[in-house]
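Student: File coords-v3.pdb follows (PDB, C-alpha atoms, pLDDT in the B column):
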ATOM      1  CA  TRP A   1      96.054  58.817 111.462  1.00 43.00           C
ATOM      2  CA  GLY A   2      94.565  62.205 112.192  1.00 44.00           C
ATOM      3  CA  ASP A   3      95.352  64.428 115.094  1.00 48.00           C
ATOM      4  CA  ARG A   4      93.907  65.634 118.387  1.00 48.00           C
ATOM      5  CA  ASN A   5      93.277  69.140 117.000  1.00 56.00           C
ATOM      6  CA  HIS A   6      90.472  68.040 114.700  1.00 59.00           C
ATOM      7  CA  LEU A   7      87.859  65.896 116.427  1.00 58.00           C
ATOM      8  CA  LEU A   8      86.652  64.258 113.239  1.00 64.00           C
ATOM      9  CA  ASN A   9      90.206  63.146 112.413  1.00 65.00           C
ATOM     10  CA  ASP A  10      90.947  61.848 115.915  1.00 65.00           C
ATOM     11  CA  PHE A  11      92.444  58.365 115.606  1.00 65.00           C
ATOM     12  CA  VAL A  12      91.147  57.177 118.999  1.00 69.00           C
ATOM     13  CA  MET A  13      87.598  58.205 118.164  1.00 70.00           C
ATOM     14  CA  HIS A  14      87.747  56.013 115.059  1.00 73.00           C
ATOM     15  CA  GLY A  15      89.094  53.011 116.966  1.00 76.00           C
ATOM     16  CA  ARG A  16      92.558  53.207 115.443  1.00 77.00           C
ATOM     17  CA  ARG A  17      95.589  52.286 117.512  1.00 79.00           C
ATOM     18  CA  MET A  18      99.331  52.821 117.396  1.00 79.00           C
ATOM     19  CA  LYS A  19     101.336  50.255 115.499  1.00 86.00           C
ATOM     20  CA  SER A  20     102.721  47.577 117.805  1.00 90.00           C
ATOM     21  CA  SER A  21     106.260  48.497 116.707  1.00 92.00           C
ATOM     22  CA  ASP A  22     105.634  52.101 117.893  1.00 88.00           C
ATOM     23  CA  VAL A  23     104.236  50.819 121.193  1.00 89.00           C
ATOM     24  CA  ASP A  24     107.362  48.681 121.641  1.00 93.00           C
ATOM     25  CA  THR A  25     109.575  51.700 120.941  1.00 93.00           C
ATOM     26  CA  VAL A  26     107.748  53.779 123.538  1.00 90.00           C
ATOM     27  CA  ARG A  27     107.982  50.966 126.101  1.00 93.00           C
ATOM     28  CA  ARG A  28     111.736  50.621 125.528  1.00 94.00           C
ATOM     29  CA  ARG A  29     112.245  54.357 125.944  1.00 91.00           C
ATOM     30  CA  VAL A  30     110.198  54.444 129.156  1.00 90.00           C
ATOM     31  CA  GLU A  31     112.152  51.502 130.578  1.00 93.00           C
ATOM     32  CA  THR A  32     115.449  53.159 129.633  1.00 92.00           C
ATOM     33  CA  PHE A  33     114.336  56.367 131.327  1.00 86.00           C
ATOM     34  CA  LYS A  34     113.316  54.504 134.488  1.00 87.00           C
ATOM     35  CA  ARG A  35     116.708  52.748 134.623  1.00 89.00           C
ATOM     36  CA  GLU A  36     118.758  55.875 133.973  1.00 89.00           C
ATOM     37  CA  ALA A  37     116.761  58.452 135.910  1.00 83.00           C
ATOM     38  CA  PRO A  38     118.647  59.920 138.871  1.00 81.00           C
ATOM     39  CA  ASN A  39     117.591  59.038 142.409  1.00 82.00           C
ATOM     40  CA  TYR A  40     114.923  61.173 143.989  1.00 76.00           C
ATOM     41  CA  PRO A  41     116.707  64.203 145.512  1.00 79.00           C
ATOM     42  CA  GLU A  42     115.819  64.043 149.206  1.00 82.00           C
ATOM     43  CA  GLY A  43     115.012  67.476 150.640  1.00 81.00           C
ATOM     44  CA  ALA A  44     114.862  69.195 147.247  1.00 80.00           C
ATOM     45  CA  PHE A  45     111.059  69.497 147.336  1.00 83.00           C
ATOM     46  CA  SER A  46     108.646  70.174 150.145  1.00 87.00           C
ATOM     47  CA  GLY A  47     104.978  70.432 150.840  1.00 90.00           C
ATOM     48  CA  ARG A  48     101.953  70.360 148.625  1.00 93.00           C
ATOM     49  CA  GLY A  49     100.917  72.935 146.092  1.00 94.00           C
ATOM     50  CA  ILE A  50      99.119  73.712 142.884  1.00 95.00           C
ATOM     51  CA  VAL A  51     100.983  74.196 139.609  1.00 95.00           C
ATOM     52  CA  ILE A  52      99.402  76.209 136.795  1.00 93.00           C
ATOM     53  CA  VAL A  53     100.885  77.260 133.456  1.00 91.00           C
ATOM     54  CA  GLY A  54      99.843  80.739 132.391  1.00 89.00           C
ATOM     55  CA  GLY A  55     100.313  82.871 129.315  1.00 84.00           C
ATOM     56  CA  LYS A  56     100.017  86.434 128.132  1.00 81.00           C
ATOM     57  CA  SER A  57      97.223  86.005 125.600  1.00 81.00           C
ATOM     58  CA  LYS A  58      93.754  86.924 126.795  1.00 81.00           C
ATOM     59  CA  LYS A  59      92.644  83.271 126.562  1.00 79.00           C
ATOM     60  CA  PHE A  60      95.388  82.070 128.942  1.00 80.00           C
ATOM     61  CA  ALA A  61      95.218  85.083 131.262  1.00 84.00           C
ATOM     62  CA  THR A  62      91.466  84.668 131.725  1.00 88.00           C
ATOM     63  CA  SER A  63      91.890  80.949 132.394  1.00 89.00           C
ATOM     64  CA  TYR A  64      94.525  81.313 135.092  1.00 90.00           C
ATOM     65  CA  TRP A  65      92.705  84.164 136.843  1.00 91.00           C
ATOM     66  CA  VAL A  66      89.518  82.088 136.925  1.00 93.00           C
ATOM     67  CA  ALA A  67      91.471  79.076 138.243  1.00 93.00           C
ATOM     68  CA  VAL A  68      93.166  81.089 141.012  1.00 94.00           C
ATOM     69  CA  HIS A  69      89.920  82.751 142.102  1.00 94.00           C
ATOM     70  CA  ALA A  70      88.013  79.446 142.038  1.00 95.00           C
ATOM     71  CA  VAL A  71      90.662  77.721 144.155  1.00 95.00           C
ATOM     72  CA  ARG A  72      90.767  80.557 146.692  1.00 95.00           C
ATOM     73  CA  ARG A  73      86.946  80.830 146.878  1.00 95.00           C
ATOM     74  CA  THR A  74      86.806  77.220 148.062  1.00 96.00           C
ATOM     75  CA  GLY A  75      88.952  78.218 151.028  1.00 95.00           C
ATOM     76  CA  CYS A  76      91.977  76.303 149.743  1.00 95.00           C
ATOM     77  CA  LYS A  77      95.164  77.724 151.265  1.00 94.00           C
ATOM     78  CA  LEU A  78      97.652  75.622 149.265  1.00 95.00           C
ATOM     79  CA  PRO A  79     100.382  77.706 147.655  1.00 95.00           C
ATOM     80  CA  ILE A  80     100.173  78.074 143.892  1.00 96.00           C
ATOM     81  CA  GLN A  81     103.042  78.326 141.450  1.00 95.00           C
ATOM     82  CA  MET A  82     102.115  80.030 138.188  1.00 94.00           C
ATOM     83  CA  TRP A  83     104.605  79.231 135.426  1.00 93.00           C
ATOM     84  CA  PHE A  84     104.999  81.459 132.363  1.00 91.00           C
ATOM     85  CA  PRO A  85     106.755  80.953 129.025  1.00 86.00           C
ATOM     86  CA  GLU A  86     109.470  83.368 127.953  1.00 81.00           C
ATOM     87  CA  ASP A  87     108.131  86.873 127.223  1.00 83.00           C
ATOM     88  CA  GLU A  88     104.688  85.991 128.624  1.00 87.00           C
ATOM     89  CA  THR A  89     105.179  86.922 132.281  1.00 87.00           C
ATOM     90  CA  PRO A  90     102.523  89.375 133.470  1.00 88.00           C
ATOM     91  CA  ASP A  91     103.407  92.976 134.256  1.00 88.00           C
ATOM     92  CA  CYS A  92     104.396  94.035 137.783  1.00 91.00           C
ATOM     93  CA  GLU A  93     100.862  95.056 138.749  1.00 92.00           C
ATOM     94  CA  HIS A  94      99.450  91.635 137.850  1.00 90.00           C
ATOM     95  CA  VAL A  95     102.350  89.840 139.544  1.00 91.00           C
ATOM     96  CA  MET A  96     101.568  91.767 142.748  1.00 94.00           C
ATOM     97  CA  GLU A  97      97.878  90.780 142.449  1.00 92.00           C
ATOM     98  CA  LEU A  98      98.881  87.126 142.103  1.00 93.00           C
ATOM     99  CA  GLU A  99     101.275  87.345 145.055  1.00 94.00           C
ATOM    100  CA  ARG A 100      98.458  88.767 147.225  1.00 93.00           C
ATOM    101  CA  ARG A 101      96.630  85.490 146.514  1.00 94.00           C
ATOM    102  CA  ASN A 102      99.645  83.388 147.572  1.00 94.00           C
ATOM    103  CA  VAL A 103     100.662  82.718 143.957  1.00 95.00           C
ATOM    104  CA  GLU A 104     104.371  82.552 143.152  1.00 95.00           C
ATOM    105  CA  VAL A 105     105.191  83.611 139.590  1.00 94.00           C
ATOM    106  CA  VAL A 106     107.891  81.473 137.942  1.00 92.00           C
ATOM    107  CA  SER A 107     109.356  81.882 134.465  1.00 90.00           C
ATOM    108  CA  PHE A 108     110.568  79.039 132.300  1.00 86.00           C
ATOM    109  CA  VAL A 109     113.425  81.403 131.364  1.00 83.00           C
ATOM    110  CA  ASP A 110     114.920  80.706 134.806  1.00 79.00           C
ATOM    111  CA  PHE A 111     115.589  77.156 133.634  1.00 72.00           C
ATOM    112  CA  GLN A 112     117.185  77.888 130.256  1.00 62.00           C
ATOM    113  CA  GLY A 113     120.280  75.831 129.696  1.00 54.00           C
ATOM    114  CA  SER A 114     119.222  73.214 132.253  1.00 51.00           C
ATOM    115  CA  ASN A 115     118.967  70.542 129.556  1.00 47.00           C
ATOM    116  CA  ALA A 116     115.670  69.585 131.138  1.00 48.00           C
ATOM    117  CA  GLY A 117     113.802  69.611 127.893  1.00 46.00           C
ATOM    118  CA  GLY A 118     113.428  71.217 124.538  1.00 48.00           C
ATOM    119  CA  ASP A 119     116.390  72.535 122.634  1.00 49.00           C
ATOM    120  CA  ALA A 120     119.478  71.577 124.648  1.00 43.00           C
ATOM    121  CA  ALA A 121     121.518  74.376 123.090  1.00 43.00           C
ATOM    122  CA  THR A 122     119.206  77.182 124.212  1.00 46.00           C
ATOM    123  CA  GLY A 123     117.123  75.600 126.954  1.00 48.00           C
ATOM    124  CA  ARG A 124     114.022  76.800 125.127  1.00 57.00           C
ATOM    125  CA  MET A 125     111.046  74.550 124.950  1.00 61.00           C
ATOM    126  CA  THR A 126     110.226  73.580 121.424  1.00 63.00           C
ATOM    127  CA  ASN A 127     106.627  72.564 122.022  1.00 65.00           C
ATOM    128  CA  ARG A 128     103.950  74.176 124.213  1.00 69.00           C
ATOM    129  CA  PHE A 129     102.778  70.725 125.325  1.00 72.00           C
ATOM    130  CA  MET A 130     106.037  70.452 127.282  1.00 80.00           C
ATOM    131  CA  TYR A 131     105.196  73.336 129.608  1.00 85.00           C
ATOM    132  CA  LYS A 132     102.915  71.568 132.083  1.00 86.00           C
ATOM    133  CA  HIS A 133     105.213  68.559 132.400  1.00 85.00           C
ATOM    134  CA  PHE A 134     108.238  70.778 132.897  1.00 85.00           C
ATOM    135  CA  ALA A 135     106.445  72.916 135.509  1.00 89.00           C
ATOM    136  CA  LEU A 136     105.335  69.836 137.462  1.00 88.00           C
ATOM    137  CA  VAL A 137     108.832  68.329 137.460  1.00 84.00           C
ATOM    138  CA  PHE A 138     110.605  71.543 138.461  1.00 85.00           C
ATOM    139  CA  SER A 139     108.088  73.010 140.893  1.00 89.00           C
ATOM    140  CA  SER A 140     109.284  73.281 144.469  1.00 88.00           C
ATOM    141  CA  PHE A 141     106.406  71.133 145.701  1.00 90.00           C
ATOM    142  CA  GLU A 142     106.840  67.507 146.684  1.00 86.00           C
ATOM    143  CA  MET A 143     103.208  66.840 145.809  1.00 81.00           C
ATOM    144  CA  ASP A 144     101.679  68.774 142.892  1.00 72.00           C
ATOM    145  CA  PHE A 145      98.043  69.224 142.021  1.00 69.00           C
TER     146      PHE A 145
END
Once more with this new file: its structure as structure tokens, please.
Tutor:
Amino acid sequence: WGDRNHLLNDFVMHGRRMKSSDVDTVRRRVETFKREAPNYPEGAFSGRGIVIVGGKSKKFATSYWVAVHAVRRTGCKLPIQMWFPEDETPDCEHVMELERRNVEVVSFVDFQGSNAGGDAATGRMTNRFMYKHFALVFSSFEMDF
């Protein structure tokens, strides 16, 4: 089937589709989630804001600094939450720079043991693709961008 990491092997590019049995499984799981999901917690979230996932590597650090500066240069005053994986939070000097730009630094470590995703025993996320979804769900904003 290929994967999304290698363009020439990408199954969508070649017109391939998921098996109908897999589509049915996904549909059942989504419907189960919708039925069993808790009610929206009134008052738990407020306002609008921007959610970004950062990282310590140069590639991620450059990307989030560019994103923050680009947003602020447009005159946008929305608060930003910058989420970081365990052991990838910037040093104090960089955190202070982010805070000066109305960016709140949040660590996924603060949510370990929440059973919100990943390994239920440790609260650690087992896949980097989970980060953005997790950050959007657990941000303090009612409306995320």
Student: For the file shown, what are the residues hit by the PyMOL selection byres ((chain A and resi 131) around 9), laid out as an MDAnalysis selection string?
Tutor: chainID A and resid 53 83:85 108 125 127:130 132:136
Student: Can you pull out every residue within 7 Å of Val51 (chain A), counting all atoms listed in the file, but drop anything in the same chain fewer than 5 positions away, and send it as a list of chain:residue names?
Tutor: A:Ile80, A:Gln81, A:Met82, A:Ala135, A:Leu136, A:Asp144, A:Phe145
Student: Near region 60-71 of chain A, within 9 Å and counting all atoms listed in the file, which residues show up once chain neighbours fewer than 5 positions away are dropped, as an NGL selection string?
Tutor: :A and (52-55 or 76-78 or 80 or 82 or 90 or 98 or 101 or 103)
Student: Rounded to one decimal in Å, what is the spacing between CA of Asp87 (chain A) and CA of Ala44 (chain A)?
Tutor: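 These atoms are spaced 27.5 Å apart.
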Student: Using all atoms listed in the file, which residue out of A:Lys56, A:Arg48, A:His94, A:Arg72 lies closest to Ser139 (chain A)?
Tutor: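 Of A:Lys56, A:Arg48, A:His94, A:Arg72, the one nearest Ser139 (chain A) is A:Arg48, counting all atoms listed in the file.
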Student: Calculate how many Å separate CA of Glu104 (chain A) from CA of Phe45 (chain A), rounding to one decimal.
Tutor: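 Spanning CA of Glu104 (chain A) to CA of Phe45 (chain A) is a straight-line distance of 15.3 Å.
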Student: So, counting all atoms listed in the file, which residue among A:Lys59, A:Lys34, A:Thr89, A:Pro79 is closest to Gly47 (chain A)?
Tutor: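 Of all the options, A:Pro79 lies closest to Gly47 (chain A).
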Student: Using CA of Phe111 (chain A) and CA of Ile50 (chain A) as the two end points, give the distance in Å to one decimal.
Tutor: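 Interatomic distance, CA of Phe111 (chain A) to CA of Ile50 (chain A): 19.2 Å.
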